[in-house]
$ cat my_file-v9.tsv   # TSV, C-alpha atoms and all ligand atoms
chain	number	residue	atom	x	y	z
A	1	MET	CA	60.40	56.84	173.64
A	2	PRO	CA	61.14	57.32	177.38
A	3	LYS	CA	63.23	60.36	176.36
A	4	ARG	CA	60.32	61.82	174.40
A	5	TRP	CA	58.06	61.24	177.38
A	6	GLU	CA	60.49	63.10	179.64
A	7	GLN	CA	60.68	66.00	177.19
A	8	LEU	CA	56.90	66.15	176.91
A	9	GLN	CA	56.60	66.35	180.69
A	10	GLU	CA	59.20	69.12	180.83
A	11	ALA	CA	57.31	71.09	178.17
A	12	VAL	CA	54.25	71.38	180.42
A	13	SER	CA	55.97	71.52	183.80
A	14	GLY	CA	54.37	74.11	186.03
A	15	ALA	CA	51.16	74.26	184.00
A	16	GLU	CA	47.92	73.63	185.86
A	17	ARG	CA	45.61	73.82	182.89
A	18	ILE	CA	46.15	73.24	179.23
A	19	GLN	CA	44.06	73.58	176.09
A	20	ILE	CA	44.25	70.57	173.77
A	21	LEU	CA	43.41	71.65	170.24
A	22	LEU	CA	42.50	69.23	167.45
A	23	HIS	CA	42.48	69.90	163.72
A	24	ASP	CA	39.34	71.51	162.29
A	25	ASP	CA	36.37	69.20	161.63
A	26	PRO	CA	38.20	66.53	163.65
A	27	ASP	CA	38.32	62.89	162.58
A	28	PRO	CA	38.43	59.84	164.88
A	29	ASP	CA	42.23	59.90	165.06
A	30	ALA	CA	42.27	63.52	166.25
A	31	LEU	CA	39.37	63.00	168.69
A	32	ALA	CA	40.92	59.90	170.24
A	33	SER	CA	44.40	61.41	170.42
A	34	GLY	CA	43.12	64.56	172.11
A	35	ALA	CA	41.24	62.52	174.68
A	36	ALA	CA	44.35	60.39	175.24
A	37	LEU	CA	46.60	63.41	175.84
A	38	ARG	CA	44.08	64.80	178.32
A	39	PHE	CA	44.02	61.47	180.19
A	40	LEU	CA	47.82	61.17	180.10
A	41	LEU	CA	48.46	64.65	181.52
A	42	GLN	CA	45.69	64.33	184.10
A	43	GLU	CA	46.82	60.96	185.42
A	44	THR	CA	50.55	61.57	185.47
A	45	LEU	CA	50.96	65.30	186.19
A	46	GLY	CA	47.54	66.33	187.49
A	47	ILE	CA	47.21	68.86	184.66
A	48	GLU	CA	43.66	69.67	183.73
A	49	GLY	CA	43.16	69.55	179.98
A	50	GLN	CA	40.30	70.85	177.90
A	51	VAL	CA	39.90	69.32	174.44
A	52	ALA	CA	38.64	71.81	171.84
A	53	TYR	CA	38.17	72.10	168.09
A	54	ARG	CA	36.75	74.35	165.39
A	55	GLY	CA	34.23	73.23	162.81
A	56	VAL	CA	31.95	70.23	163.09
A	57	VAL	CA	32.12	66.51	163.64
A	58	SER	CA	29.67	65.61	160.90
A	59	ARG	CA	30.26	62.06	159.70
A	60	ALA	CA	27.76	59.73	161.36
A	61	GLU	CA	30.43	57.29	162.58
A	62	ASN	CA	32.45	60.16	164.06
A	63	ARG	CA	29.44	61.60	165.87
A	64	ALA	CA	28.75	58.14	167.26
A	65	LEU	CA	32.35	58.00	168.48
A	66	VAL	CA	32.04	61.40	170.21
A	67	ASP	CA	28.84	60.26	171.93
A	68	TYR	CA	30.48	57.04	173.01
A	69	LEU	CA	33.68	58.74	174.24
A	70	ASP	CA	31.59	60.96	176.50
A	71	GLU	CA	34.48	63.40	176.80
A	72	PRO	CA	33.66	67.08	177.32
A	73	MET	CA	34.82	68.79	174.14
A	74	GLU	CA	34.59	72.47	173.43
A	75	ASN	CA	33.44	73.68	170.02
A	76	LEU	CA	35.34	76.89	169.21
A	77	PRO	CA	34.25	79.80	166.98
A	78	PRO	CA	35.61	79.78	163.40
A	79	HIS	CA	38.31	82.46	163.72
A	80	PRO	CA	41.92	81.54	164.56
A	81	VAL	CA	42.45	80.69	168.20
A	82	ARG	CA	44.52	83.11	170.27
A	83	THR	CA	44.91	82.16	173.87
A	84	ASP	CA	47.27	82.74	176.78
A	85	ARG	CA	46.73	79.27	178.14
A	86	PRO	CA	49.37	76.70	177.21
A	87	VAL	CA	48.23	74.98	174.04
A	88	ALA	CA	48.81	71.46	172.76
A	89	LEU	CA	48.05	70.77	169.11
A	90	ILE	CA	47.12	67.28	167.97
A	91	ASP	CA	47.07	65.58	164.55
A	92	THR	CA	48.06	68.83	162.79
A	93	GLN	CA	50.70	71.57	163.09
A	94	PRO	CA	50.56	75.34	163.63
A	95	GLY	CA	49.86	77.24	160.43
A	96	THR	CA	48.56	74.30	158.34
A	97	GLY	CA	45.27	74.62	156.48
A	98	ASN	CA	43.28	72.71	159.08
A	99	SER	CA	45.04	74.08	162.18
A	100	PRO	CA	43.15	76.31	164.61
A	101	ILE	CA	46.35	78.21	165.50
A	102	PRO	CA	48.56	80.21	163.12
A	103	ALA	CA	52.25	79.42	162.59
A	104	ASP	CA	53.41	82.15	165.00
A	105	HIS	CA	51.21	81.03	167.91
A	106	PRO	CA	53.14	79.34	170.72
A	107	ALA	CA	52.39	75.72	171.55
A	108	CYS	CA	53.88	73.68	174.37
A	109	ILE	CA	53.15	70.34	172.65
A	110	VAL	CA	52.59	69.38	169.02
A	111	ILE	CA	51.97	65.72	168.20
A	112	ASP	CA	51.31	64.82	164.58
A	113	HIS	CA	51.97	62.25	161.87
A	114	HIS	CA	51.76	64.55	158.85
A	115	GLY	CA	54.80	65.96	157.02
A	116	GLU	CA	56.90	68.16	159.28
A	117	ARG	CA	56.60	71.91	158.80
A	118	GLU	CA	58.86	74.62	160.06
A	119	LEU	CA	57.81	75.05	163.66
A	120	GLU	CA	58.42	78.50	165.09
A	121	ARG	CA	57.35	78.58	168.72
A	122	VAL	CA	56.83	74.98	169.75
A	123	THR	CA	58.37	73.77	173.02
A	124	PHE	CA	57.99	70.04	172.37
A	125	ALA	CA	57.23	68.55	168.97
A	126	ASP	CA	56.73	64.88	168.21
A	127	ILE	CA	56.18	64.71	164.46
A	128	ARG	CA	56.47	61.26	162.93
A	129	PRO	CA	55.22	61.18	159.32
A	130	TRP	CA	56.11	57.50	158.92
A	131	ILE	CA	53.44	56.56	161.46
A	132	GLY	CA	49.88	55.96	160.28
A	133	ALA	CA	47.94	57.61	163.10
A	134	SER	CA	48.45	60.07	165.94
A	135	SER	CA	46.53	57.53	168.05
A	136	THR	CA	49.50	55.18	167.68
A	137	ILE	CA	51.84	57.84	169.06
A	138	LEU	CA	49.52	58.55	172.01
A	139	THR	CA	49.18	54.81	172.70
A	140	GLN	CA	52.96	54.67	172.93
A	141	TYR	CA	52.99	57.48	175.51
A	142	LEU	CA	50.35	55.71	177.60
A	143	ARG	CA	52.47	52.56	177.56
A	144	THR	CA	55.65	54.43	178.44
A	145	ALA	CA	53.85	56.13	181.33
A	146	GLU	CA	52.57	52.68	182.36
A	147	LEU	CA	48.96	53.80	182.17
A	148	LEU	CA	46.32	51.25	181.16
A	149	PRO	CA	43.75	52.89	178.88
A	150	PRO	CA	40.15	52.86	180.17
A	151	THR	CA	37.73	51.03	177.85
A	152	ARG	CA	36.28	54.08	176.11
A	153	LEU	CA	39.66	55.63	175.47
A	154	ALA	CA	41.16	52.33	174.28
A	155	THR	CA	38.21	51.86	171.92
A	156	ALA	CA	38.58	55.39	170.52
A	157	LEU	CA	42.34	55.00	170.00
A	158	PHE	CA	41.79	51.64	168.32
A	159	TYR	CA	39.18	53.20	166.05
A	160	GLY	CA	41.49	56.14	165.33
A	161	ILE	CA	44.22	53.79	164.13
A	162	LYS	CA	41.72	51.65	162.27
A	163	THR	CA	40.25	54.56	160.29
A	164	ASP	CA	43.49	56.43	159.57
A	165	THR	CA	45.19	53.27	158.31
A	166	ARG	CA	42.08	51.74	156.71
A	167	ALA	CA	42.37	48.77	159.06
A	168	LEU	CA	46.18	48.61	158.69
A	169	SER	CA	45.98	48.57	154.88
A	170	ARG	CA	47.49	51.99	154.07
A	171	ASP	CA	50.25	54.23	155.49
A	172	THR	CA	50.84	51.61	158.17
A	173	SER	CA	54.06	51.17	160.15
A	174	ALA	CA	55.08	48.39	162.52
A	175	ALA	CA	54.29	50.80	165.36
A	176	ASP	CA	50.67	51.09	164.18
A	177	VAL	CA	50.29	47.31	164.06
A	178	ALA	CA	51.80	47.01	167.55
A	179	ALA	CA	49.52	49.70	169.01
A	180	TYR	CA	46.44	48.24	167.30
A	181	PHE	CA	46.98	44.80	168.81
A	182	TYR	CA	48.11	46.20	172.15
A	183	LEU	CA	44.75	48.01	172.45
A	184	LEU	CA	42.65	45.08	171.29
A	185	PRO	CA	42.15	43.41	174.72
A	186	PHE	CA	41.00	46.73	176.23
A	187	ILE	CA	38.37	47.67	173.67
A	188	ASP	CA	34.59	47.37	173.61
A	189	VAL	CA	33.97	45.38	170.41
A	190	ASP	CA	30.22	46.01	170.44
A	191	ALA	CA	30.85	49.76	170.58
A	192	VAL	CA	33.15	49.57	167.55
A	193	VAL	CA	30.49	47.66	165.62
A	194	GLU	CA	27.87	50.22	166.61
A	195	ILE	CA	30.08	53.18	165.65
A	196	GLU	CA	30.93	51.64	162.27
A	197	ASN	CA	27.28	51.01	161.52
A	198	ALA	CA	26.01	54.43	162.56
A	199	GLN	CA	23.04	55.49	160.47
A	200	VAL	CA	23.44	58.39	158.06
A	201	PRO	CA	20.99	61.24	157.40
A	202	ALA	CA	18.89	61.22	154.20
A	203	VAL	CA	20.98	64.05	152.74
A	204	TYR	CA	23.87	61.59	152.42
A	205	PHE	CA	21.90	59.68	149.79
A	206	HIS	CA	20.80	62.90	148.11
A	207	ASN	CA	24.44	63.95	147.65
A	208	LEU	CA	25.48	60.41	146.77
A	209	SER	CA	22.93	60.31	143.99
A	210	ILE	CA	24.19	63.61	142.53
A	211	ALA	CA	27.77	62.37	142.81
A	212	MET	CA	26.99	59.05	141.12
A	213	LYS	CA	25.04	60.60	138.24
A	214	GLY	CA	27.76	63.13	137.48
A	215	ALA	CA	30.87	61.06	138.22
A	216	ARG	CA	33.35	60.59	135.39
A	217	VAL	CA	35.98	57.90	135.11
A	218	TYR	CA	39.29	58.64	133.40
A	219	ASP	CA	40.96	55.24	133.24
A	220	ASP	CA	42.06	54.75	136.87
A	221	ILE	CA	40.84	58.15	138.09
A	222	ILE	CA	37.31	58.98	139.19
A	223	PHE	CA	36.08	62.55	139.66
A	224	ALA	CA	32.80	63.34	141.40
A	225	TYR	CA	31.02	66.53	142.41
A	226	VAL	CA	28.41	66.01	145.14
A	227	GLY	CA	26.70	69.38	144.61
A	228	LYS	CA	25.86	71.39	147.70
A	229	ALA	CA	26.98	69.07	150.49
A	230	GLY	CA	24.67	68.53	153.45
A	231	TYR	CA	27.66	68.57	155.82
A	232	PRO	CA	31.42	69.01	155.52
A	233	ASP	CA	32.59	65.38	155.84
A	234	LEU	CA	30.36	64.26	152.98
A	235	THR	CA	33.02	64.50	150.29
A	236	ALA	CA	35.34	62.34	152.40
A	237	GLU	CA	32.65	59.70	152.89
A	238	ILE	CA	31.82	59.52	149.21
A	239	ALA	CA	35.51	59.48	148.28
A	240	ASP	CA	35.95	56.45	150.54
A	241	LEU	CA	33.02	54.76	148.84
A	242	PHE	CA	34.27	55.38	145.29
A	243	LEU	CA	37.65	53.93	146.20
A	244	ARG	CA	35.88	50.58	146.03
A	245	LEU	CA	35.38	50.90	142.27
A	246	GLU	CA	37.33	48.24	140.41
A	247	GLY	CA	40.48	49.54	138.75
A	248	VAL	CA	40.43	52.91	140.49
A	249	GLU	CA	43.72	54.34	141.79
A	250	TRP	CA	42.60	57.93	142.43
A	251	VAL	CA	39.36	59.38	143.79
A	252	ILE	CA	38.73	63.11	143.59
A	253	CYS	CA	35.54	64.23	145.26
A	254	VAL	CA	34.42	67.85	145.70
A	255	GLY	CA	31.36	69.51	147.19
A	256	ALA	CA	30.24	72.99	148.20
A	257	TYR	CA	29.59	73.69	151.85
A	258	ASP	CA	29.20	76.99	153.70
A	259	GLY	CA	30.86	79.29	151.15
A	260	ALA	CA	33.72	76.96	150.28
A	261	MET	CA	34.47	74.04	148.00
A	262	TYR	CA	35.61	71.02	149.98
A	263	ILE	CA	38.04	68.64	148.30
A	264	SER	CA	38.67	65.04	149.37
A	265	LEU	CA	41.29	62.89	147.69
A	266	ARG	CA	42.07	59.22	148.04
A	267	ALA	CA	44.79	57.16	146.41
A	268	ARG	CA	45.22	53.41	146.58
A	269	ASN	CA	48.95	53.43	146.06
A	270	ASP	CA	51.09	54.18	149.14
A	271	GLU	CA	53.65	55.86	146.86
A	272	ALA	CA	51.11	58.33	145.51
A	273	ASP	CA	51.18	61.93	146.70
A	274	ALA	CA	47.62	62.95	147.48
A	275	GLU	CA	48.79	65.96	149.46
A	276	GLU	CA	50.66	67.30	146.44
A	277	LEU	CA	47.57	66.87	144.25
A	278	ALA	CA	45.42	68.68	146.84
A	279	LYS	CA	47.90	71.57	146.90
A	280	LYS	CA	47.95	71.74	143.09
A	281	MET	CA	44.15	71.81	143.02
A	282	VAL	CA	43.73	74.66	145.52
A	283	GLY	CA	46.69	76.65	144.15
A	284	ASP	CA	47.08	79.88	146.09
A	285	GLU	CA	43.31	80.24	146.54
A	286	GLY	CA	42.79	77.98	149.53
A	287	SER	CA	44.38	75.50	151.89
A	288	ALA	CA	45.26	71.84	151.57
A	289	GLY	CA	46.98	69.11	153.50
A	290	GLY	CA	47.21	65.37	153.93
A	291	ARG	CA	49.38	62.36	153.35
A	292	ASN	CA	50.30	59.98	150.52
A	293	THR	CA	46.97	58.24	150.15
A	294	LEU	CA	44.58	60.73	151.70
A	295	ALA	CA	44.32	64.49	151.46
A	296	GLY	CA	41.84	67.32	151.56
A	297	GLY	CA	41.52	70.99	150.94
A	298	GLN	CA	39.19	73.95	150.74
A	299	VAL	CA	38.76	76.77	148.24
A	300	PRO	CA	36.52	79.75	149.09
A	301	LEU	CA	33.71	80.11	146.55
A	302	ASP	CA	34.05	83.92	146.53
A	303	GLY	CA	30.73	84.29	144.75
A	304	ARG	CA	31.58	81.77	142.02
A	305	ASP	CA	29.11	79.20	140.77
A	306	PRO	CA	29.95	75.94	142.60
A	307	GLY	CA	29.47	73.84	139.46
A	308	GLU	CA	31.91	75.98	137.52
A	309	LEU	CA	34.47	75.91	140.31
A	310	ALA	CA	34.11	72.12	140.50
A	311	ALA	CA	34.85	71.92	136.76
A	312	LEU	CA	37.93	74.12	137.20
A	313	LEU	CA	39.20	71.93	140.04
A	314	GLU	CA	38.59	68.84	137.93
A	315	LYS	CA	40.68	70.36	135.12
A	316	ARG	CA	43.53	71.16	137.50
A	317	ALA	CA	43.48	67.67	138.99
A	318	LEU	CA	43.52	65.95	135.61
A	319	ALA	CA	46.33	68.20	134.39
A	320	HIS	CA	48.42	67.32	137.45
A	321	LEU	CA	47.71	63.61	136.91
A	322	GLN	CA	48.78	64.04	133.27
A	323	VAL	CA	45.49	63.14	131.67
A	324	PRO	CA	45.58	64.66	128.14
A	325	GLU	CA	43.08	67.49	127.73
A	326	ASP	CA	41.20	65.80	124.89
A	327	VAL	CA	40.39	62.70	126.95
A	328	GLU	CA	36.74	62.69	127.88
A	329	GLY	CA	35.79	60.78	130.96
A	330	GLU	CA	33.36	57.89	130.87
A	331	PRO	CA	30.24	58.36	132.94
A	332	LEU	CA	30.25	56.08	136.01
A	333	VAL	CA	26.61	55.14	135.47
A	334	PRO	CA	24.88	55.37	132.08
B	401	MN	MN	45.52	61.38	161.82

$ encode --input "my_file-v9.tsv" --output "structure tokens"
Amino acid sequence: MPKRWEQLQEAVSGAERIQILLHDDPDPDALASGAALRFLLQETLGIEGQVAYRGVVSRAENRALVDYLDEPMENLPPHPVRTDRPVALIDTQPGTGNSPIPADHPACIVIDHHGERELERVTFADIRPWIGASSTILTQYLRTAELLPPTRLATALFYGIKTDTRALSRDTSAADVAAYFYLLPFIDVDAVVEIENAQVPAVYFHNLSIAMKGARVYDDIIFAYVGKAGYPDLTAEIADLFLRLEGVEWVICVGAYDGAMYISLRARNDEADAEELAKKMVGDEGSAGGRNTLAGGQVPLDGRDPGELAALLEKRALAHLQVPEDVEGEPLVP
């Protein structure tokens, strides 16, 4: 770890300002990790960092976290980012489906816990797929640099680990457990409770009702289409909810938003390959990424009827999961 910390410092030596990019539609792990890198570089090297992302933070809990963090974050336009400022990329890698920079864009720092890709122009990469959250990696850097995390940052990092690992129940390494309990004394427990209980807009229940009425269960697989989603994170929220269904091993949830079909996958088994399923579902039409138990993707609608595209994606998913074509799913609710 001290060696990594030295290399990270070398990668930004001489820089006065740096842009810290998160993955699109950032989740708590990305938001917390970006804020942590900014704090780390500011406190140790005096480098001014600007955290930025494309897309929207739409899940109620995540918006509550952003409000609580009170960290200036820049919302970037939808096209790929091209900038001359040194760039750090967090919780994703250049050229992946949810990355704001293409594979050939230089980056001085990339920190991620997803599967390692071929990195072309990255000065310092810390990619550790066996770790459950980027927040864990950033917590390690803070400790190595002997920086105590301020309350808001500690709370965000704790929440980042908690959400990415489902409270240490999936994709969790010893390092995640160590970081989680290291942060515990520094966090604001009331803030965590408030973030976790953030109220959702009415459209959540509208989409939930469509999803529930149409959901089909194929043995240990549940497929649900939420219709036209009120916001992009909706499919992820409903996928998390359906994972609670008894006997379910796989949740496949899709919904149309802003000209694209959003796909959210969840698996209960750590040995599953949700990322592979997401890639099979999008084929060469869109982008997908993720980990063993959690993955997502997007397919452009290209003028197609969302319901028909949802049915096509369902077919692809079931084929990949080896459900025979003549098996008809049971409705979730009669
Ligand atoms: Mn993450």

$ residues_near_ligand --input "my_file-v9.tsv" --ligand "ligand MN 401 (chain B)" --cutoff "12 Å" --atoms "all atoms listed in the file" --output "PyMOL selection string"
chain A and resi 22-24+26-34+90-93+98+111-115+127-138+157+159-166+171-172+176+289-291+294-295

$ closest_atom_pairs --input "my_file-v9.tsv" --of "region 162-243 of chain A" --to "region 62-75 of chain A" --cutoff "9 Å" --atoms "only C-alpha atoms" --output "tab-separated table"
residue	atom	partner	partner_atom	distance
A:Ala191	CA	A:Tyr68	CA	7.7
A:Val192	CA	A:Leu65	CA	8.5
A:Glu194	CA	A:Ala64	CA	8.0
A:Ile195	CA	A:Ala64	CA	5.4
A:Glu196	CA	A:Ala64	CA	8.5
A:Ala198	CA	A:Ala64	CA	6.6

$ write_last_selection --input "my_file-v9.tsv" --atoms "C-alpha atoms" --output "PDB file, keeping the file's coordinate frame"
ATOM      1  CA  ALA A 191      30.850  49.760 170.580  1.00  0.00           C
ATOM      2  CA  VAL A 192      33.150  49.570 167.550  1.00  0.00           C
ATOM      3  CA  GLU A 194      27.870  50.220 166.610  1.00  0.00           C
ATOM      4  CA  ILE A 195      30.080  53.180 165.650  1.00  0.00           C
ATOM      5  CA  GLU A 196      30.930  51.640 162.270  1.00  0.00           C
ATOM      6  CA  ALA A 198      26.010  54.430 162.560  1.00  0.00           C
TER       7      ALA A 198
END

$ closest_residue --input "my_file-v9.tsv" --among "A:Arg216, A:Arg54, A:His79, A:Arg304" --to "Glu330 (chain A)" --atoms "all atoms listed in the file"
A:Arg216

$ residues_near_point --input "my_file-v9.tsv" --point "(35.5, 60.7, 137.4)" --cutoff "6 Å" --atoms "all atoms listed in the file" --output "PyMOL selection string"
chain A and resi 215-218+221-224

$ atom_distance --input "my_file-v9.tsv" --atom1 "CA of Ala36 (chain A)" --atom2 "CA of Leu142 (chain A)"
8.0 Å

$ closest_residue --input "my_file-v9.tsv" --among "A:Arg4, A:Arg268, A:Lys279, A:Arg59" --to "Ser169 (chain A)" --atoms "all atoms listed in the file"
A:Arg268

$ residues_near_point --input "my_file-v9.tsv" --point "(57.7, 56.4, 172.8)" --cutoff "7 Å" --atoms "only C-alpha atoms" --output "list in words"
Met1, Pro2, Arg4, Trp5, Gln140, Tyr141 and Thr144 of chain A

$ closest_residue --input "my_file-v9.tsv" --among "A:His206, A:Lys213, A:Arg117, A:Lys315" --to "Pro331 (chain A)" --atoms "only C-alpha atoms"
A:Lys213

$ atom_distance --input "my_file-v9.tsv" --atom1 "CA of Ala260 (chain A)" --atom2 "CA of Thr96 (chain A)"
17.1 Å

$ axis_aligned_box --input "my_file-v9.tsv" --around "region 306-309 of chain A" --padding-each-side "4 Å" --output "AutoDock Vina command-line options"
--center_x 32.0 --center_y 74.9 --center_z 140.1 --size_x 13.0 --size_y 10.1 --size_z 13.1

$ closest_residue --input "my_file-v9.tsv" --among "A:Leu243, A:Cys253, A:Ala167, A:Ala60" --to "Gly296 (chain A)" --atoms "all atoms listed in the file"
A:Cys253

$ closest_residue --input "my_file-v9.tsv" --among "A:Gly14, A:Pro334, A:Gly55, A:Pro201" --to "Leu234 (chain A)" --atoms "only C-alpha atoms"
A:Pro201

$ atom_distance --input "my_file-v9.tsv" --atom1 "CA of Asp326 (chain A)" --atom2 "CA of Gly303 (chain A)"
29.1 Å

$ closest_residue --input "my_file-v9.tsv" --among "A:Asp25, A:Ala317, A:Tyr204, A:Val189" --to "Val57 (chain A)" --atoms "all atoms listed in the file"
A:Asp25
